[in-house]
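Colleague: Here you go, this is my_file.cif (mmCIF, C-alpha atoms).
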```cif
data_upload
loop_
_atom_site.label_atom_id
_atom_site.label_comp_id
_atom_site.auth_asym_id
_atom_site.auth_seq_id
_atom_site.Cartn_x
_atom_site.Cartn_y
_atom_site.Cartn_z
CA MET A 756 183.59 62.10 81.03
CA THR A 757 187.16 62.35 79.85
CA ALA A 758 189.74 64.91 80.83
CA LEU A 759 188.83 66.78 77.65
CA ASP A 760 185.20 67.49 78.42
CA ALA A 761 185.24 67.48 82.22
CA PRO A 762 185.45 70.86 83.88
CA ARG A 763 188.53 70.58 86.06
CA LYS A 764 190.26 72.83 88.55
CA PRO A 765 193.34 74.34 86.90
CA TYR A 766 196.53 72.51 87.78
CA ASP A 767 198.96 73.97 90.23
CA ILE A 768 202.46 72.70 90.87
CA ASP A 769 201.24 70.28 93.59
CA SER A 770 198.51 68.63 91.54
CA LEU A 771 200.87 68.40 88.56
CA THR A 772 203.42 66.70 90.79
CA ASP A 773 200.70 64.20 91.80
CA VAL A 774 200.10 63.32 88.16
CA ALA A 775 203.82 63.13 87.32
CA LEU A 776 204.53 60.82 90.26
CA ARG A 777 201.83 58.40 89.18
CA VAL A 778 203.34 58.35 85.68
CA PHE A 779 206.89 57.89 87.06
CA ALA A 780 205.75 55.10 89.39
CA GLU A 781 204.04 53.31 86.50
CA ARG A 782 206.61 53.69 83.71
CA GLY A 783 209.76 54.31 85.72
CA TYR A 784 211.29 57.78 85.83
CA ASP A 785 213.71 57.08 82.97
CA GLY A 786 210.98 55.53 80.83
CA ALA A 787 208.52 58.40 81.38
CA SER A 788 208.53 61.48 79.17
CA MET A 789 206.99 64.91 79.67
CA ASP A 790 204.62 63.91 76.85
CA ASP A 791 203.42 61.05 79.06
CA VAL A 792 202.89 63.46 81.95
CA ALA A 793 201.01 65.90 79.72
CA ARG A 794 198.82 63.10 78.36
CA ALA A 795 198.03 61.83 81.88
CA ALA A 796 197.20 65.38 83.00
CA GLY A 797 195.08 66.00 79.89
CA ILE A 798 196.87 69.28 79.14
CA THR A 799 199.58 70.38 76.71
CA LYS A 800 203.27 70.09 77.44
CA ALA A 801 203.51 73.89 77.11
CA SER A 802 201.02 74.30 79.98
CA ILE A 803 203.19 72.06 82.17
CA TYR A 804 206.28 74.13 81.44
CA HIS A 805 204.29 77.13 82.62
CA HIS A 806 204.43 75.58 86.12
CA VAL A 807 207.69 73.69 86.21
CA SER A 808 211.09 73.76 84.51
CA GLY A 809 211.09 70.08 83.53
CA LYS A 810 210.96 66.42 84.44
CA GLU A 811 213.75 66.57 87.00
CA ALA A 812 212.01 69.38 88.89
CA LEU A 813 208.91 67.18 89.18
CA LEU A 814 211.05 64.28 90.40
CA GLU A 815 212.78 66.55 92.91
CA ARG A 816 209.43 67.66 94.36
CA GLY A 817 208.26 64.04 94.60
CA LEU A 818 211.45 62.85 96.28
CA GLY A 819 211.20 65.82 98.66
CA ARG A 820 207.69 64.79 99.68
CA ALA A 821 208.76 61.18 100.28
CA LEU A 822 211.84 62.08 102.31
CA ASP A 823 210.10 64.84 104.30
CA ALA A 824 207.44 62.27 105.29
CA LEU A 825 210.11 59.75 106.40
CA PHE A 826 212.04 62.34 108.40
CA ALA A 827 208.82 63.63 110.01
CA ILE A 828 208.34 60.11 111.41
CA ILE A 829 211.63 60.10 113.29
CA GLU A 830 210.69 63.47 114.82
CA GLU A 831 207.45 62.11 116.27
CA PRO A 832 207.48 61.88 120.10
CA GLU A 833 207.06 58.07 120.01
CA ALA A 834 210.17 57.85 117.83
CA ARG A 835 212.22 60.06 120.17
CA GLU A 836 211.24 59.04 123.66
CA GLY A 837 211.25 55.72 125.48
CA ARG A 838 213.02 52.41 125.06
CA ALA A 839 214.87 51.90 121.78
CA ILE A 840 212.80 48.84 120.82
CA GLU A 841 209.54 50.78 121.28
CA ARG A 842 210.86 53.71 119.25
CA LEU A 843 211.91 51.25 116.56
CA ARG A 844 208.49 49.58 116.56
CA HIS A 845 206.82 52.96 116.12
CA ILE A 846 209.13 53.91 113.24
CA VAL A 847 208.67 50.60 111.39
CA ALA A 848 204.86 50.81 111.71
CA ARG A 849 204.74 54.45 110.59
CA VAL A 850 207.10 53.88 107.65
CA ALA A 851 204.91 51.00 106.43
CA GLU A 852 201.74 53.14 106.78
CA THR A 853 203.38 56.11 105.08
CA THR A 854 204.61 53.94 102.21
CA LEU A 855 201.02 52.92 101.52
CA GLN A 856 199.65 56.45 101.96
CA LEU A 857 202.24 58.11 99.69
CA LEU A 858 202.59 55.17 97.33
CA PRO A 859 203.72 56.98 94.14
CA GLU A 860 206.19 59.18 96.07
CA LEU A 861 207.75 56.24 97.92
CA THR A 862 207.73 54.01 94.83
CA VAL A 863 209.79 56.61 92.99
CA LEU A 864 212.11 57.12 95.98
CA PHE A 865 212.80 53.40 96.41
CA ARG A 866 213.81 53.04 92.77
CA VAL A 867 216.17 55.99 92.66
CA HIS A 868 219.83 55.09 92.14
CA GLY A 869 221.59 58.44 92.03
CA ALA A 870 221.71 59.17 88.29
CA SER A 871 221.13 62.94 88.64
CA LYS A 872 221.76 65.64 91.27
CA SER A 873 218.25 65.32 92.78
CA GLU A 874 218.62 61.55 92.87
CA ARG A 875 222.04 61.70 94.52
CA GLU A 876 220.69 64.07 97.18
CA ALA A 877 217.75 61.74 97.77
CA VAL A 878 220.09 58.75 98.12
CA GLU A 879 222.13 60.74 100.68
CA ARG A 880 219.02 61.60 102.72
CA ARG A 881 217.86 57.96 102.61
CA ARG A 882 221.27 56.87 103.91
CA ALA A 883 221.01 59.36 106.79
CA PHE A 884 217.58 57.90 107.63
CA ASP A 885 219.00 54.35 107.53
CA ARG A 886 221.91 55.34 109.79
CA HIS A 887 219.47 56.80 112.31
CA VAL A 888 217.44 53.57 112.40
CA THR A 889 220.60 51.42 112.54
CA GLU A 890 221.67 53.31 115.66
CA ILE A 891 218.31 52.69 117.30
CA ILE A 892 218.61 48.95 116.53
CA ALA A 893 222.12 48.93 118.03
CA GLY A 894 220.69 50.66 121.11
CA ALA A 895 217.93 48.06 121.39
CA GLN A 896 220.60 45.35 121.20
CA ARG A 897 222.49 46.98 124.09
CA ASP A 898 219.20 47.00 126.05
CA GLY A 899 218.90 43.24 125.41
CA ASP A 900 215.68 43.77 123.43
CA VAL A 901 217.02 42.80 119.99
CA ARG A 902 218.88 39.54 119.38
CA ARG A 903 222.61 40.05 119.25
CA ASP A 904 223.30 37.65 116.38
CA LEU A 905 222.00 40.22 113.85
CA ASP A 906 224.12 42.96 112.35
CA PRO A 907 222.10 46.17 113.07
CA ARG A 908 222.67 47.62 109.60
CA LEU A 909 221.68 44.35 107.92
CA ALA A 910 218.58 44.12 110.11
CA SER A 911 217.61 47.67 109.15
CA ARG A 912 218.08 46.94 105.46
CA LEU A 913 216.04 43.73 105.60
CA ILE A 914 213.18 45.24 107.63
CA PHE A 915 212.84 48.21 105.28
CA GLY A 916 213.41 45.92 102.30
CA MET A 917 210.32 44.00 103.43
CA SER A 918 208.33 47.17 104.10
CA ASN A 919 209.38 48.88 100.86
CA SER A 920 208.52 45.81 98.80
CA VAL A 921 204.80 46.55 99.14
CA VAL A 922 205.14 49.24 96.46
CA GLU A 923 205.70 46.42 93.95
CA TRP A 924 202.31 44.78 94.44
CA TYR A 925 199.97 46.89 96.59
CA ARG A 926 196.79 48.07 94.93
CA SER A 927 194.10 49.78 97.01
CA GLY A 928 190.95 47.77 97.58
CA THR A 929 192.54 44.46 98.48
CA LEU A 930 194.07 44.18 101.96
CA SER A 931 193.74 47.27 104.14
CA ARG A 932 196.76 49.45 104.81
CA GLU A 933 196.43 48.68 108.52
CA THR A 934 196.53 44.91 107.90
CA ILE A 935 199.68 45.23 105.82
CA ALA A 936 201.47 47.60 108.21
CA ARG A 937 200.56 45.32 111.14
CA ALA A 938 201.95 42.27 109.28
CA VAL A 939 205.23 44.09 108.52
CA VAL A 940 205.68 44.93 112.21
CA ALA A 941 204.65 41.43 113.31
CA ILE A 942 207.15 39.69 111.03
CA ALA A 943 209.96 42.19 111.65
CA PHE A 944 209.73 41.87 115.44
CA GLU A 945 208.29 38.43 116.14
CA GLY A 946 208.56 36.52 112.84
CA ILE A 947 205.90 34.25 111.38
CA ALA A 948 206.52 31.26 113.69
CA ALA A 949 203.81 30.61 116.29
CA ARG A 950 205.01 31.09 119.88
CA ARG A 951 204.86 27.91 121.92
CA GLY A 952 203.92 27.37 125.52
CA MET B 1356 244.67 44.53 80.25
CA THR B 1357 241.46 45.62 78.64
CA ALA B 1358 238.99 43.52 76.70
CA LEU B 1359 240.67 44.77 73.54
CA ASP B 1360 244.17 43.47 74.15
CA ALA B 1361 243.41 40.49 76.42
CA PRO B 1362 243.28 37.13 74.70
CA ARG B 1363 239.81 35.91 75.60
CA LYS B 1364 237.86 32.75 74.96
CA PRO B 1365 235.34 33.42 72.18
CA TYR B 1366 231.87 34.18 73.49
CA ASP B 1367 229.14 31.61 73.36
CA ILE B 1368 225.47 32.23 74.05
CA ASP B 1369 225.91 31.52 77.78
CA SER B 1370 228.83 33.86 78.38
CA LEU B 1371 227.08 36.55 76.30
CA THR B 1372 223.99 36.12 78.48
CA ASP B 1373 226.22 36.63 81.54
CA VAL B 1374 227.44 39.95 80.16
CA ALA B 1375 223.96 41.07 79.08
CA LEU B 1376 222.46 40.30 82.50
CA ARG B 1377 225.09 42.39 84.26
CA VAL B 1378 224.29 45.27 81.91
CA PHE B 1379 220.52 44.85 82.39
CA ALA B 1380 220.90 44.66 86.18
CA GLU B 1381 222.97 47.84 86.18
CA ARG B 1382 221.05 50.04 83.72
CA GLY B 1383 217.64 48.41 83.81
CA TYR B 1384 216.45 46.30 80.89
CA ASP B 1385 214.57 49.18 79.26
CA GLY B 1386 217.50 51.55 79.71
CA ALA B 1387 220.09 49.09 78.29
CA SER B 1388 220.81 48.90 74.56
CA MET B 1389 222.54 46.22 72.50
CA ASP B 1390 225.30 48.81 72.06
CA ASP B 1391 225.77 48.76 75.85
CA VAL B 1392 225.94 44.95 75.80
CA ALA B 1393 228.45 45.00 72.93
CA ARG B 1394 230.60 47.58 74.73
CA ALA B 1395 230.53 45.55 77.98
CA ALA B 1396 231.47 42.40 76.05
CA GLY B 1397 234.21 44.20 74.11
CA ILE B 1398 232.92 42.93 70.76
CA THR B 1399 230.86 44.39 67.93
CA LYS B 1400 227.08 44.37 67.88
CA ALA B 1401 227.26 42.29 64.69
CA SER B 1402 229.16 39.55 66.54
CA ILE B 1403 226.42 39.46 69.18
CA TYR B 1404 223.73 39.05 66.54
CA HIS B 1405 225.72 36.08 65.30
CA HIS B 1406 224.76 34.31 68.56
CA VAL B 1407 221.37 35.74 69.44
CA SER B 1408 218.39 37.38 67.73
CA GLY B 1409 218.26 40.41 70.00
CA LYS B 1410 217.87 41.96 73.41
CA GLU B 1411 214.65 40.15 74.29
CA ALA B 1412 216.25 36.76 73.56
CA LEU B 1413 219.00 37.60 76.05
CA LEU B 1414 216.40 38.67 78.62
CA GLU B 1415 214.44 35.47 78.03
CA ARG B 1416 217.53 33.35 78.69
CA GLY B 1417 218.28 35.30 81.87
CA LEU B 1418 214.72 35.03 83.17
CA GLY B 1419 214.78 31.31 82.36
CA ARG B 1420 217.91 30.82 84.45
CA ALA B 1421 216.41 32.71 87.40
CA LEU B 1422 213.10 30.86 87.31
CA ASP B 1423 214.66 27.44 86.71
CA ALA B 1424 216.81 28.02 89.81
CA LEU B 1425 213.75 28.98 91.91
CA PHE B 1426 211.73 25.99 90.72
CA ALA B 1427 214.67 23.65 91.31
CA ILE B 1428 214.53 24.70 94.98
CA ILE B 1429 210.94 23.56 95.47
CA GLU B 1430 211.89 20.19 93.94
CA GLU B 1431 214.64 19.60 96.52
CA PRO B 1432 213.82 16.78 98.98
CA GLU B 1433 213.89 19.17 101.97
CA ALA B 1434 211.27 21.31 100.21
CA ARG B 1435 209.01 18.33 99.51
CA GLU B 1436 209.19 16.15 102.60
CA GLY B 1437 208.48 16.80 106.24
CA ARG B 1438 206.54 19.37 108.22
CA ALA B 1439 205.32 22.41 106.29
CA ILE B 1440 207.26 24.86 108.49
CA GLU B 1441 210.53 23.00 107.90
CA ARG B 1442 209.92 22.85 104.16
CA LEU B 1443 209.20 26.58 104.23
CA ARG B 1444 212.36 27.30 106.21
CA HIS B 1445 214.40 25.36 103.66
CA ILE B 1446 212.81 27.22 100.73
CA VAL B 1447 213.31 30.67 102.29
CA ALA B 1448 216.97 29.94 103.07
CA ARG B 1449 217.66 28.53 99.60
CA VAL B 1450 215.88 31.38 97.80
CA ALA B 1451 217.98 33.91 99.75
CA GLU B 1452 221.20 32.01 98.92
CA THR B 1453 220.23 31.62 95.27
CA THR B 1454 219.38 35.33 94.98
CA LEU B 1455 222.93 36.16 96.08
CA GLN B 1456 224.51 33.48 93.86
CA LEU B 1457 222.59 34.47 90.72
CA LEU B 1458 222.45 38.16 91.51
CA PRO B 1459 222.14 39.60 87.97
CA GLU B 1460 219.56 36.98 86.95
CA LEU B 1461 217.39 37.53 90.02
CA THR B 1462 217.81 41.31 89.90
CA VAL B 1463 216.41 41.31 86.38
CA LEU B 1464 213.61 38.90 87.32
CA PHE B 1465 212.49 40.95 90.33
CA ARG B 1466 212.20 44.11 88.24
CA VAL B 1467 210.18 42.58 85.41
CA HIS B 1468 206.64 43.91 85.08
CA GLY B 1469 205.27 42.08 82.08
CA ALA B 1470 205.95 44.53 79.24
CA SER B 1471 206.79 41.84 76.63
CA LYS B 1472 205.92 38.20 76.00
CA SER B 1473 209.01 36.87 77.83
CA GLU B 1474 208.29 39.18 80.73
CA ARG B 1475 204.64 38.14 80.94
CA GLU B 1476 205.65 34.46 80.95
CA ALA B 1477 208.18 35.17 83.68
CA VAL B 1478 205.55 36.99 85.76
CA GLU B 1479 203.25 33.96 85.35
CA ARG B 1480 205.95 31.53 86.52
CA ARG B 1481 206.77 33.79 89.50
CA ARG B 1482 203.09 33.78 90.46
CA ALA B 1483 203.00 29.98 90.31
CA PHE B 1484 206.04 29.90 92.61
CA ASP B 1485 204.35 32.33 95.02
CA ARG B 1486 201.17 30.24 95.05
CA HIS B 1487 203.18 27.13 95.90
CA VAL B 1488 204.83 28.88 98.85
CA THR B 1489 201.54 30.42 99.99
CA GLU B 1490 200.05 26.93 100.19
CA ILE B 1491 202.95 25.72 102.32
CA ILE B 1492 202.45 28.67 104.69
CA ALA B 1493 198.73 27.86 104.92
CA GLY B 1494 199.67 24.25 105.70
CA ALA B 1495 202.06 25.40 108.43
CA GLN B 1496 199.23 27.48 109.90
CA ARG B 1497 196.98 24.41 109.99
CA ASP B 1498 199.81 22.57 111.80
CA GLY B 1499 199.86 25.38 114.39
CA ASP B 1500 203.45 26.27 113.44
CA VAL B 1501 202.73 29.67 111.86
CA ARG B 1502 200.72 32.33 113.66
CA ARG B 1503 197.15 32.51 112.45
CA ASP B 1504 196.82 36.30 112.46
CA LEU B 1505 198.84 36.52 109.22
CA ASP B 1506 197.32 36.17 105.76
CA PRO B 1507 199.45 33.42 104.08
CA ARG B 1508 199.72 35.27 100.77
CA LEU B 1509 200.70 38.50 102.49
CA ALA B 1510 203.27 36.65 104.61
CA SER B 1511 204.74 35.09 101.46
CA ARG B 1512 204.96 38.46 99.73
CA LEU B 1513 206.60 40.16 102.70
CA ILE B 1514 209.14 37.37 103.31
CA PHE B 1515 210.22 37.31 99.67
CA GLY B 1516 210.02 41.11 99.55
CA MET B 1517 212.63 41.11 102.31
CA SER B 1518 214.74 38.42 100.64
CA ASN B 1519 214.52 39.98 97.17
CA SER B 1520 215.48 43.41 98.48
CA VAL B 1521 219.10 42.32 98.85
CA VAL B 1522 219.58 42.77 95.09
CA GLU B 1523 219.24 46.53 95.67
CA TRP B 1524 222.29 46.86 97.93
CA TYR B 1525 224.36 43.65 98.02
CA ARG B 1526 227.91 43.93 96.74
CA SER B 1527 230.27 40.98 97.19
CA GLY B 1528 233.05 41.50 99.69
CA THR B 1529 230.99 43.02 102.50
CA LEU B 1530 228.80 40.62 104.48
CA SER B 1531 228.99 36.97 103.46
CA ARG B 1532 226.12 35.36 101.59
CA GLU B 1533 225.65 32.94 104.48
CA THR B 1534 225.32 35.79 107.00
CA ILE B 1535 222.68 37.49 104.88
CA ALA B 1536 220.69 34.33 104.12
CA ARG B 1537 220.77 33.40 107.83
CA ALA B 1538 219.49 36.87 108.81
CA VAL B 1539 216.63 36.62 106.28
CA VAL B 1540 215.54 33.29 107.77
CA ALA B 1541 216.00 34.52 111.36
CA ILE B 1542 213.84 37.62 110.83
CA ALA B 1543 211.21 35.84 108.72
CA PHE B 1544 210.65 33.07 111.28
CA GLU B 1545 211.58 34.55 114.67
CA GLY B 1546 211.82 38.31 114.13
CA ILE B 1547 214.46 40.62 115.54
CA ALA B 1548 213.11 40.75 119.11
CA ALA B 1549 215.18 38.90 121.70
CA ARG B 1550 213.34 35.95 123.26
CA ARG B 1551 212.77 36.36 126.99
CA GLY B 1552 212.87 33.85 129.78
#
```
Rewrite the structure of this file - the entire thing - as structure tokens.

Modeller:
Amino acid sequence: MTALDAPRKPYDIDSLTDVALRVFAERGYDGASMDDVARAAGITKASIYHHVSGKEALLERGLGRALDALFAIIEEPEAREGRAIERLRHIVARVAETTLQLLPELTVLFRVHGASKSEREAVERRRAFDRHVTEIIAGAQRDGDVRRDLDPRLASRLIFGMSNSVVEWYRSGTLSRETIARAVVAIAFEGIAARRG
Amino acid sequence: MTALDAPRKPYDIDSLTDVALRVFAERGYDGASMDDVARAAGITKASIYHHVSGKEALLERGLGRALDALFAIIEEPEAREGRAIERLRHIVARVAETTLQLLPELTVLFRVHGASKSEREAVERRRAFDRHVTEIIAGAQRDGDVRRDLDPRLASRLIFGMSNSVVEWYRSGTLSRETIARAVVAIAFEGIAARRG
């Protein structure tokens, strides 16, 4: 059955955002048109404008989802209580899992460069998230749990650079999300080298 | 002085490729036009077409530079001789350094998704590079030098995901290239956790 002959629940703003994010993740936000979104949804462009003012509003909702999910992680008890290194480990694992669970949302977020108002706001929120994690890394260095030869901000950028990179190649059905998230944490904290002795 | 009043050496195909790559890295290849390249070069579009057939030819030259640089690394003696883990360490360090040295070239390469013939060929060459590194990681696992709980292909993707991510934020004048390349190697092989005892 195609979208044309399948009975389908009418779209609401959330399910339309789902479709738009998949299109943005695939073609890039700049490369995607509202015609592409309408085609992917199997409805007319006029029906989309019934729900939403335009492409940027769909992007804004998607970026909001991605950033709300990231900020929810740093509010989790395991991210707020205990030794800095354990809080950091929790955050890195949860960010990797969340990236794979909300793949289109995070793909779009990671590619945003601040071209519009929604994008600039998203970049600002991402920076606030990065600053929070950088402070935890600095705390873990003061505790003697993170090596002191690494700049905390650089370490944060490289760890999330590794974690974020999964959006470029992950397709469901190959390695499990758990395997990937576990590998991100393993490399970030212990590296790939076997421990001796 | 602007490009208009500065006496400037006439462009050749290499210096035009330099300009085009900076424009592609900044605006994205799809988002960049030959008008943008002409404006950045300070010459007319007609003068560009005197040197090159079009935008894709400029992309092809840029991708060629990036991939030639990556393949040159795996031909270096330190990448061909000795224990697998030491060859791997050399390759990871040199890829990180090269990414920072050829920033526009590698930025464009890392964003390519195979939309045109040049892009598909570039994706194929990148895959061949990844397979080569994956085999070295598997060899290092057989030597007992890399932990066996990591899938070699996944490890390769995550390490280069981390290394490649620098193109998203690096601007010259902040941290030195050496500091960044050293941090990539440190995290990839030993992780951020301080060693105890």

Colleague: Please report the interatomic distance between atom CA of Leu813 of chain A and atom CA of Ile828 of chain A in Å with one decimal.

Modeller: 23.3 Å

Colleague: Counting only C-alpha atoms, a student should be able to say which residues of chain A come within 6 Å of chain B; what is the right answer, written as a PyMOL selection string?

Modeller: chain A and resi 900-902+913+916-917+920+942-949

Colleague: Okay, now the selection with C-alpha atoms, as a compact mmCIF listing (two decimals), keeping the file's coordinate frame?

Modeller:
```txt
# COMPACT_ATOMS: atom_id res chain seq x y z
CA ASP A 900 215.68 43.77 123.43
CA VAL A 901 217.02 42.80 119.99
CA ARG A 902 218.88 39.54 119.38
CA LEU A 913 216.04 43.73 105.60
CA GLY A 916 213.41 45.92 102.30
CA MET A 917 210.32 44.00 103.43
CA SER A 920 208.52 45.81 98.80
CA ILE A 942 207.15 39.69 111.03
CA ALA A 943 209.96 42.19 111.65
CA PHE A 944 209.73 41.87 115.44
CA GLU A 945 208.29 38.43 116.14
CA GLY A 946 208.56 36.52 112.84
CA ILE A 947 205.90 34.25 111.38
CA ALA A 948 206.52 31.26 113.69
CA ALA A 949 203.81 30.61 116.29
```

Colleague: Which polymer residues have any atom within 10 Å of an atom of Leu1458 of chain B, counting all atoms listed in the file, with same-chain residues fewer than 5 positions away left out, as a count of residues only?

Modeller: 14

Colleague: Under the rule that all atoms listed in the file are counted, which of B:Ala1439, B:Ala1424, B:Leu1414, B:Ala1434 is the nearest residue to Arg1481 of chain B?

Modeller: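 Of B:Ala1439, B:Ala1424, B:Leu1414, B:Ala1434, the one nearest Arg1481 of chain B, counting all atoms listed in the file, is B:Ala1424.
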
Colleague: Give me, please, the distance in Å between atom CA of Asp1373 of chain B and atom CA of Val1450 of chain B, quoted to one decimal.

Modeller: 20.0 Å

Colleague: From the list B:Met1389, B:Ala1483, B:Ala1536, B:Ala1477, which residue is nearest Ala1451 of chain B when using all atoms listed in the file?

Modeller: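 When distances to Ala1451 of chain B are compared using all atoms listed in the file, the smallest one comes from B:Ala1536.
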
Colleague: Go ahead and compute the interatomic distance for atom CA of Glu1476 of chain B and atom CA of Ser1402 of chain B, in Å to one decimal.

Modeller: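 The value is 28.0 Å.
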
Colleague: I need every residue sitting at most 12 Å from the point (210.8, 69.5, 95.3) (coordinates as in the file, all atoms listed in the file considered), written as a list in words.

Modeller: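 Residues with an atom at most 12 Å from (210.8, 69.5, 95.3): Ile768, Asp769, Thr772, Asp773, Leu776, Val807, Ser808, Gly809, Lys810, Glu811, Ala812, Leu813, Leu814, Glu815, Arg816, Gly817, Leu818, Gly819, Arg820, Ala821, Leu822, Asp823, Glu860, Ser873, Glu874, Glu876 and Ala877 of chain A.
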
Colleague: Report the centre and edge lengths, in Å to one decimal, of an axis-aligned box enclosing every atom of segment 1491-1497 of chain B listed in the file, padded by 5 Å on each side, as JSON.

Modeller:
```
{"center_x": 200.0, "center_y": 26.5, "center_z": 106.2, "size_x": 16.0, "size_y": 14.4, "size_z": 17.7}
```

Colleague: Supply segment 1487-1498 of chain B as a PDB file, keeping the file's coordinate frame, with N, CA and C atoms built in where the input has gaps.

Modeller:
```pdb
ATOM      1  N   HIS B1487     202.651  28.330  95.264  1.00  0.00           N
ATOM      2  CA  HIS B1487     203.180  27.130  95.900  1.00  0.00           C
ATOM      3  C   HIS B1487     203.612  27.441  97.337  1.00  0.00           C
ATOM      4  N   VAL B1488     204.355  28.528  97.508  1.00  0.00           N
ATOM      5  CA  VAL B1488     204.830  28.880  98.850  1.00  0.00           C
ATOM      6  C   VAL B1488     203.659  29.286  99.755  1.00  0.00           C
ATOM      7  N   THR B1489     202.699  30.011  99.200  1.00  0.00           N
ATOM      8  CA  THR B1489     201.540  30.420  99.990  1.00  0.00           C
ATOM      9  C   THR B1489     200.804  29.196 100.536  1.00  0.00           C
ATOM     10  N   GLU B1490     200.712  28.155  99.723  1.00  0.00           N
ATOM     11  CA  GLU B1490     200.050  26.930 100.190  1.00  0.00           C
ATOM     12  C   GLU B1490     200.823  26.253 101.319  1.00  0.00           C
ATOM     13  N   ILE B1491     202.147  26.295 101.233  1.00  0.00           N
ATOM     14  CA  ILE B1491     202.950  25.720 102.320  1.00  0.00           C
ATOM     15  C   ILE B1491     202.742  26.521 103.605  1.00  0.00           C
ATOM     16  N   ILE B1492     202.675  27.842 103.488  1.00  0.00           N
ATOM     17  CA  ILE B1492     202.450  28.670 104.690  1.00  0.00           C
ATOM     18  C   ILE B1492     201.076  28.346 105.281  1.00  0.00           C
ATOM     19  N   ALA B1493     200.065  28.212 104.426  1.00  0.00           N
ATOM     20  CA  ALA B1493     198.730  27.860 104.920  1.00  0.00           C
ATOM     21  C   ALA B1493     198.762  26.501 105.623  1.00  0.00           C
ATOM     22  N   GLY B1494     199.524  25.556 105.068  1.00  0.00           N
ATOM     23  CA  GLY B1494     199.670  24.250 105.700  1.00  0.00           C
ATOM     24  C   GLY B1494     200.339  24.365 107.071  1.00  0.00           C
ATOM     25  N   ALA B1495     201.362  25.203 107.159  1.00  0.00           N
ATOM     26  CA  ALA B1495     202.060  25.400 108.430  1.00  0.00           C
ATOM     27  C   ALA B1495     201.150  26.065 109.455  1.00  0.00           C
ATOM     28  N   GLN B1496     200.226  26.890 108.979  1.00  0.00           N
ATOM     29  CA  GLN B1496     199.230  27.480 109.900  1.00  0.00           C
ATOM     30  C   GLN B1496     198.301  26.401 110.437  1.00  0.00           C
ATOM     31  N   ARG B1497     197.861  25.493 109.541  1.00  0.00           N
ATOM     32  CA  ARG B1497     196.980  24.410 109.990  1.00  0.00           C
ATOM     33  C   ARG B1497     197.694  23.526 111.008  1.00  0.00           C
ATOM     34  N   ASP B1498     199.018  23.363 110.838  1.00  0.00           N
ATOM     35  CA  ASP B1498     199.810  22.570 111.800  1.00  0.00           C
ATOM     36  C   ASP B1498     199.994  23.299 113.132  1.00  0.00           C
TER      37      ASP B1498
END
```
